[in-house]
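Participant: Input structure: structure_36.cif, which contains mmCIF, C-alpha atoms, pLDDT in the B column; chains and numbers go by the auth columns.
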```cif
data_input
loop_
_atom_site.group_PDB
_atom_site.id
_atom_site.type_symbol
_atom_site.label_atom_id
_atom_site.label_comp_id
_atom_site.label_asym_id
_atom_site.label_seq_id
_atom_site.Cartn_x
_atom_site.Cartn_y
_atom_site.Cartn_z
_atom_site.B_iso_or_equiv
_atom_site.auth_seq_id
_atom_site.auth_asym_id
ATOM 1 C CA MET A 1 13.605 -25.720 -24.118 69.00 1 A
ATOM 2 C CA ARG A 2 12.074 -29.082 -23.367 77.00 2 A
ATOM 3 C CA ARG A 3 10.670 -27.706 -20.102 84.00 3 A
ATOM 4 C CA TYR A 4 8.618 -25.144 -22.004 84.00 4 A
ATOM 5 C CA ALA A 5 6.862 -27.372 -24.517 85.00 5 A
ATOM 6 C CA SER A 6 3.982 -24.923 -24.936 90.00 6 A
ATOM 7 C CA GLN A 7 6.436 -22.351 -26.312 89.00 7 A
ATOM 8 C CA TRP A 8 7.621 -24.417 -29.261 88.00 8 A
ATOM 9 C CA LYS A 9 6.526 -21.794 -31.817 90.00 9 A
ATOM 10 C CA THR A 10 8.657 -19.194 -30.083 90.00 10 A
ATOM 11 C CA PHE A 11 11.648 -21.518 -30.026 89.00 11 A
ATOM 12 C CA VAL A 12 11.252 -22.297 -33.721 91.00 12 A
ATOM 13 C CA GLY A 13 11.527 -18.578 -34.427 92.00 13 A
ATOM 14 C CA LEU A 14 14.492 -18.073 -32.105 90.00 14 A
ATOM 15 C CA ALA A 15 16.372 -21.255 -33.014 90.00 15 A
ATOM 16 C CA PRO A 16 18.184 -20.053 -36.164 93.00 16 A
ATOM 17 C CA GLU A 17 19.758 -17.036 -34.452 91.00 17 A
ATOM 18 C CA ALA A 18 20.514 -19.013 -31.293 88.00 18 A
ATOM 19 C CA PHE A 19 22.188 -21.735 -33.350 91.00 19 A
ATOM 20 C CA VAL A 20 24.395 -19.248 -35.176 93.00 20 A
ATOM 21 C CA LYS A 21 25.419 -17.360 -32.041 91.00 21 A
ATOM 22 C CA LEU A 22 25.856 -20.291 -29.686 90.00 22 A
ATOM 23 C CA VAL A 23 27.086 -23.074 -31.967 92.00 23 A
ATOM 24 C CA LEU A 24 28.814 -21.428 -34.904 93.00 24 A
ATOM 25 C CA LEU A 25 30.162 -18.262 -33.287 92.00 25 A
ATOM 26 C CA ARG A 26 30.495 -19.896 -29.850 91.00 26 A
ATOM 27 C CA ARG A 27 29.463 -16.643 -28.219 88.00 27 A
ATOM 28 C CA GLU A 28 26.812 -15.499 -25.806 86.00 28 A
ATOM 29 C CA THR A 29 26.321 -11.808 -25.150 85.00 29 A
ATOM 30 C CA LEU A 30 25.730 -10.881 -21.532 86.00 30 A
ATOM 31 C CA ARG A 31 25.382 -7.546 -19.824 85.00 31 A
ATOM 32 C CA GLU A 32 25.519 -6.571 -16.198 84.00 32 A
ATOM 33 C CA CYS A 33 22.173 -5.941 -14.619 76.00 33 A
ATOM 34 C CA PRO A 34 22.005 -3.358 -11.834 75.00 34 A
ATOM 35 C CA PRO A 35 20.234 -4.343 -8.641 71.00 35 A
ATOM 36 C CA PRO A 36 16.542 -3.484 -8.550 68.00 36 A
ATOM 37 C CA ILE A 37 15.647 -0.191 -6.950 75.00 37 A
ATOM 38 C CA HIS A 38 12.002 -1.087 -6.448 78.00 38 A
ATOM 39 C CA ASP A 39 10.779 -1.772 -2.935 84.00 39 A
ATOM 40 C CA TYR A 40 8.786 -4.971 -3.404 86.00 40 A
ATOM 41 C CA ARG A 41 6.877 -4.330 -0.191 89.00 41 A
ATOM 42 C CA LYS A 42 5.102 -1.375 -1.833 91.00 42 A
ATOM 43 C CA PRO A 43 2.724 -1.504 -4.810 94.00 43 A
ATOM 44 C CA PRO A 44 4.353 -0.444 -8.102 90.00 44 A
ATOM 45 C CA HIS A 45 1.733 2.270 -8.716 93.00 45 A
ATOM 46 C CA ALA A 46 -1.308 3.873 -7.098 95.00 46 A
ATOM 47 C CA ARG A 47 -3.888 2.366 -9.470 95.00 47 A
ATOM 48 C CA PRO A 48 -5.511 -1.001 -8.749 95.00 48 A
ATOM 49 C CA LEU A 49 -3.138 -3.813 -9.696 96.00 49 A
ATOM 50 C CA PHE A 50 -4.049 -6.368 -12.332 96.00 50 A
ATOM 51 C CA TYR A 51 -4.435 -9.245 -9.893 95.00 51 A
ATOM 52 C CA GLU A 52 -6.543 -7.068 -7.603 96.00 52 A
ATOM 53 C CA ARG A 53 -8.977 -6.428 -10.448 96.00 53 A
ATOM 54 C CA ARG A 54 -8.834 -9.869 -11.993 96.00 54 A
ATOM 55 C CA PHE A 55 -8.646 -12.174 -8.976 96.00 55 A
ATOM 56 C CA ARG A 56 -9.826 -9.875 -6.179 95.00 56 A
ATOM 57 C CA VAL A 57 -6.620 -10.388 -4.184 95.00 57 A
ATOM 58 C CA LEU A 58 -5.578 -7.278 -2.292 96.00 58 A
ATOM 59 C CA PHE A 59 -1.981 -6.099 -2.387 96.00 59 A
ATOM 60 C CA GLU A 60 -1.889 -6.280 1.413 96.00 60 A
ATOM 61 C CA ASP A 61 -2.748 -9.999 1.271 96.00 61 A
ATOM 62 C CA PHE A 62 -0.125 -10.580 -1.414 94.00 62 A
ATOM 63 C CA ALA A 63 2.469 -8.614 0.592 94.00 63 A
ATOM 64 C CA THR A 64 1.740 -10.651 3.720 96.00 64 A
ATOM 65 C CA ALA A 65 2.059 -13.920 1.793 96.00 65 A
ATOM 66 C CA THR A 66 5.359 -12.922 0.145 94.00 66 A
ATOM 67 C CA ASP A 67 7.005 -11.052 3.031 94.00 67 A
ATOM 68 C CA SER A 68 9.124 -13.977 4.248 93.00 68 A
ATOM 69 C CA PHE A 69 10.315 -14.754 0.704 93.00 69 A
ATOM 70 C CA ILE A 70 11.303 -11.126 0.117 90.00 70 A
ATOM 71 C CA GLY A 71 13.072 -10.987 3.466 88.00 71 A
ATOM 72 C CA ASN A 72 14.895 -14.296 2.969 89.00 72 A
ATOM 73 C CA TYR A 73 15.920 -13.934 -0.670 86.00 73 A
ATOM 74 C CA ILE A 74 15.486 -10.455 -2.119 83.00 74 A
ATOM 75 C CA ASP A 75 16.604 -8.354 0.841 79.00 75 A
ATOM 76 C CA LYS A 76 19.497 -10.670 1.708 77.00 76 A
ATOM 77 C CA SER A 77 20.823 -10.638 -1.850 74.00 77 A
ATOM 78 C CA LEU A 78 20.734 -6.813 -1.795 70.00 78 A
ATOM 79 C CA ASN A 79 21.901 -6.500 1.830 69.00 79 A
ATOM 80 C CA VAL A 80 18.754 -4.555 2.687 64.00 80 A
ATOM 81 C CA SER A 81 17.178 -4.428 6.111 60.00 81 A
ATOM 82 C CA LYS A 82 13.434 -4.929 6.392 55.00 82 A
ATOM 83 C CA ARG A 83 11.511 -1.766 5.659 53.00 83 A
ATOM 84 C CA GLY A 84 8.398 -0.998 7.609 48.00 84 A
#
```
Spit out the file's structure as structure tokens when you get a sec.

Facilitator:
Amino acid sequence: MRRYASQWKTFVGLAPEAFVKLVLLRRETLRECPPPIHDYRKPPHARPLFYERRFRVLFEDFATATDSFIGNYIDKSLNVSKRG
């Protein structure tokens, strides 16, 4: 929590429940998360993306800048070959 100092109001609201679950009940509920099915090399929808409208950065430029990260981390963790 100390790394997110700007979120102190949120933590104040969450603290009572977190204290009860983590300290008193000594329990943390987890659930399995399925692997993502989204291809991160394609835009999520056909409409202009928020950052394209707001910052005038095209998806193609974003995709080029993030391609090596997706290939090195996302695809490897999912055992996916590079899509073209």

Participant: Between A:Arg41, A:Arg47, A:Lys9, A:Arg31, single out the one closest to Gly71 of chain A, counting all atoms listed in the file.

Facilitator: A:Arg41

Participant: Using only C-alpha atoms, which residue out of A:Leu24, A:Leu49, A:Ala15, A:Leu78 lies closest to Ile37 of chain A?

Facilitator: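 Closest candidate: A:Leu78.
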
Participant: Evaluate the PyMOL selection byres ((chain A and resi 39) around 10) here and jot the selected residues down as number ranges by chain.

Facilitator: A: 36-38, 40-44, 70, 74-75, 83

Participant: If I take atom CA of Glu52 of chain A and atom CA of Ala65 of chain A, how far is one from the other in Å, to one decimal?

Facilitator: 14.5 Å

Participant: Set up a box along x, y and z of the file covering all listed atoms of segment 61-65 of chain A, add 3 Å on every one of the six sides, and write the centre and edge lengths in Å to one decimal, as AutoDock Vina command-line options.

Facilitator:
```
--center_x -0.1 --center_y -11.3 --center_z 1.2 --size_x 11.2 --size_y 11.3 --size_z 11.1
```

Participant: What's the separation between atom CA of Ala63 of chain A and atom CA of Tyr51 of chain A, in Å to one decimal place?

Facilitator: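 Pair atom CA of Ala63 of chain A / atom CA of Tyr51 of chain A returns 12.6 Å.
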
Participant: With N, CA and C atoms as the goal, would you fill in the gaps in segment 61-77 of chain A and present it as a short mmCIF file (atom, residue, chain, number, x, y, z; two decimals), keeping the file's coordinate frame?

Facilitator:
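Once everything was written out, this is result-v8.cif:
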```cif
data_model
loop_
_atom_site.label_atom_id
_atom_site.label_comp_id
_atom_site.auth_asym_id
_atom_site.auth_seq_id
_atom_site.Cartn_x
_atom_site.Cartn_y
_atom_site.Cartn_z
N ASP A 61 -2.76 -8.54 1.12
CA ASP A 61 -2.75 -10.00 1.27
C ASP A 61 -1.55 -10.60 0.55
N PHE A 62 -1.28 -10.11 -0.66
CA PHE A 62 -0.12 -10.58 -1.41
C PHE A 62 1.16 -10.26 -0.66
N ALA A 63 1.27 -9.03 -0.13
CA ALA A 63 2.47 -8.61 0.59
C ALA A 63 2.69 -9.48 1.83
N THR A 64 1.62 -9.79 2.54
CA THR A 64 1.74 -10.65 3.72
C THR A 64 2.22 -12.05 3.33
N ALA A 65 1.70 -12.57 2.24
CA ALA A 65 2.06 -13.92 1.79
C ALA A 65 3.49 -13.99 1.27
N THR A 66 4.02 -12.89 0.74
CA THR A 66 5.36 -12.92 0.14
C THR A 66 6.43 -12.29 1.02
N ASP A 67 6.06 -11.78 2.18
CA ASP A 67 7.00 -11.05 3.03
C ASP A 67 8.21 -11.90 3.43
N SER A 68 7.99 -13.14 3.83
CA SER A 68 9.12 -13.98 4.25
C SER A 68 10.04 -14.29 3.07
N PHE A 69 9.48 -14.51 1.88
CA PHE A 69 10.32 -14.75 0.70
C PHE A 69 11.17 -13.52 0.39
N ILE A 70 10.56 -12.36 0.40
CA ILE A 70 11.30 -11.13 0.12
C ILE A 70 12.40 -10.93 1.16
N GLY A 71 12.08 -11.14 2.41
CA GLY A 71 13.07 -10.99 3.47
C GLY A 71 14.21 -12.00 3.37
N ASN A 72 13.88 -13.24 3.02
CA ASN A 72 14.90 -14.30 2.97
C ASN A 72 15.75 -14.27 1.71
N TYR A 73 15.20 -13.83 0.59
CA TYR A 73 15.92 -13.93 -0.67
C TYR A 73 16.24 -12.59 -1.31
N ILE A 74 15.26 -11.73 -1.44
CA ILE A 74 15.49 -10.46 -2.12
C ILE A 74 16.33 -9.53 -1.25
N ASP A 75 15.88 -9.27 -0.03
CA ASP A 75 16.60 -8.35 0.84
C ASP A 75 18.01 -8.84 1.16
N LYS A 76 18.17 -10.14 1.40
CA LYS A 76 19.50 -10.67 1.71
C LYS A 76 20.45 -10.53 0.52
N SER A 77 19.95 -10.74 -0.68
CA SER A 77 20.82 -10.64 -1.85
C SER A 77 21.24 -9.19 -2.10
#
```
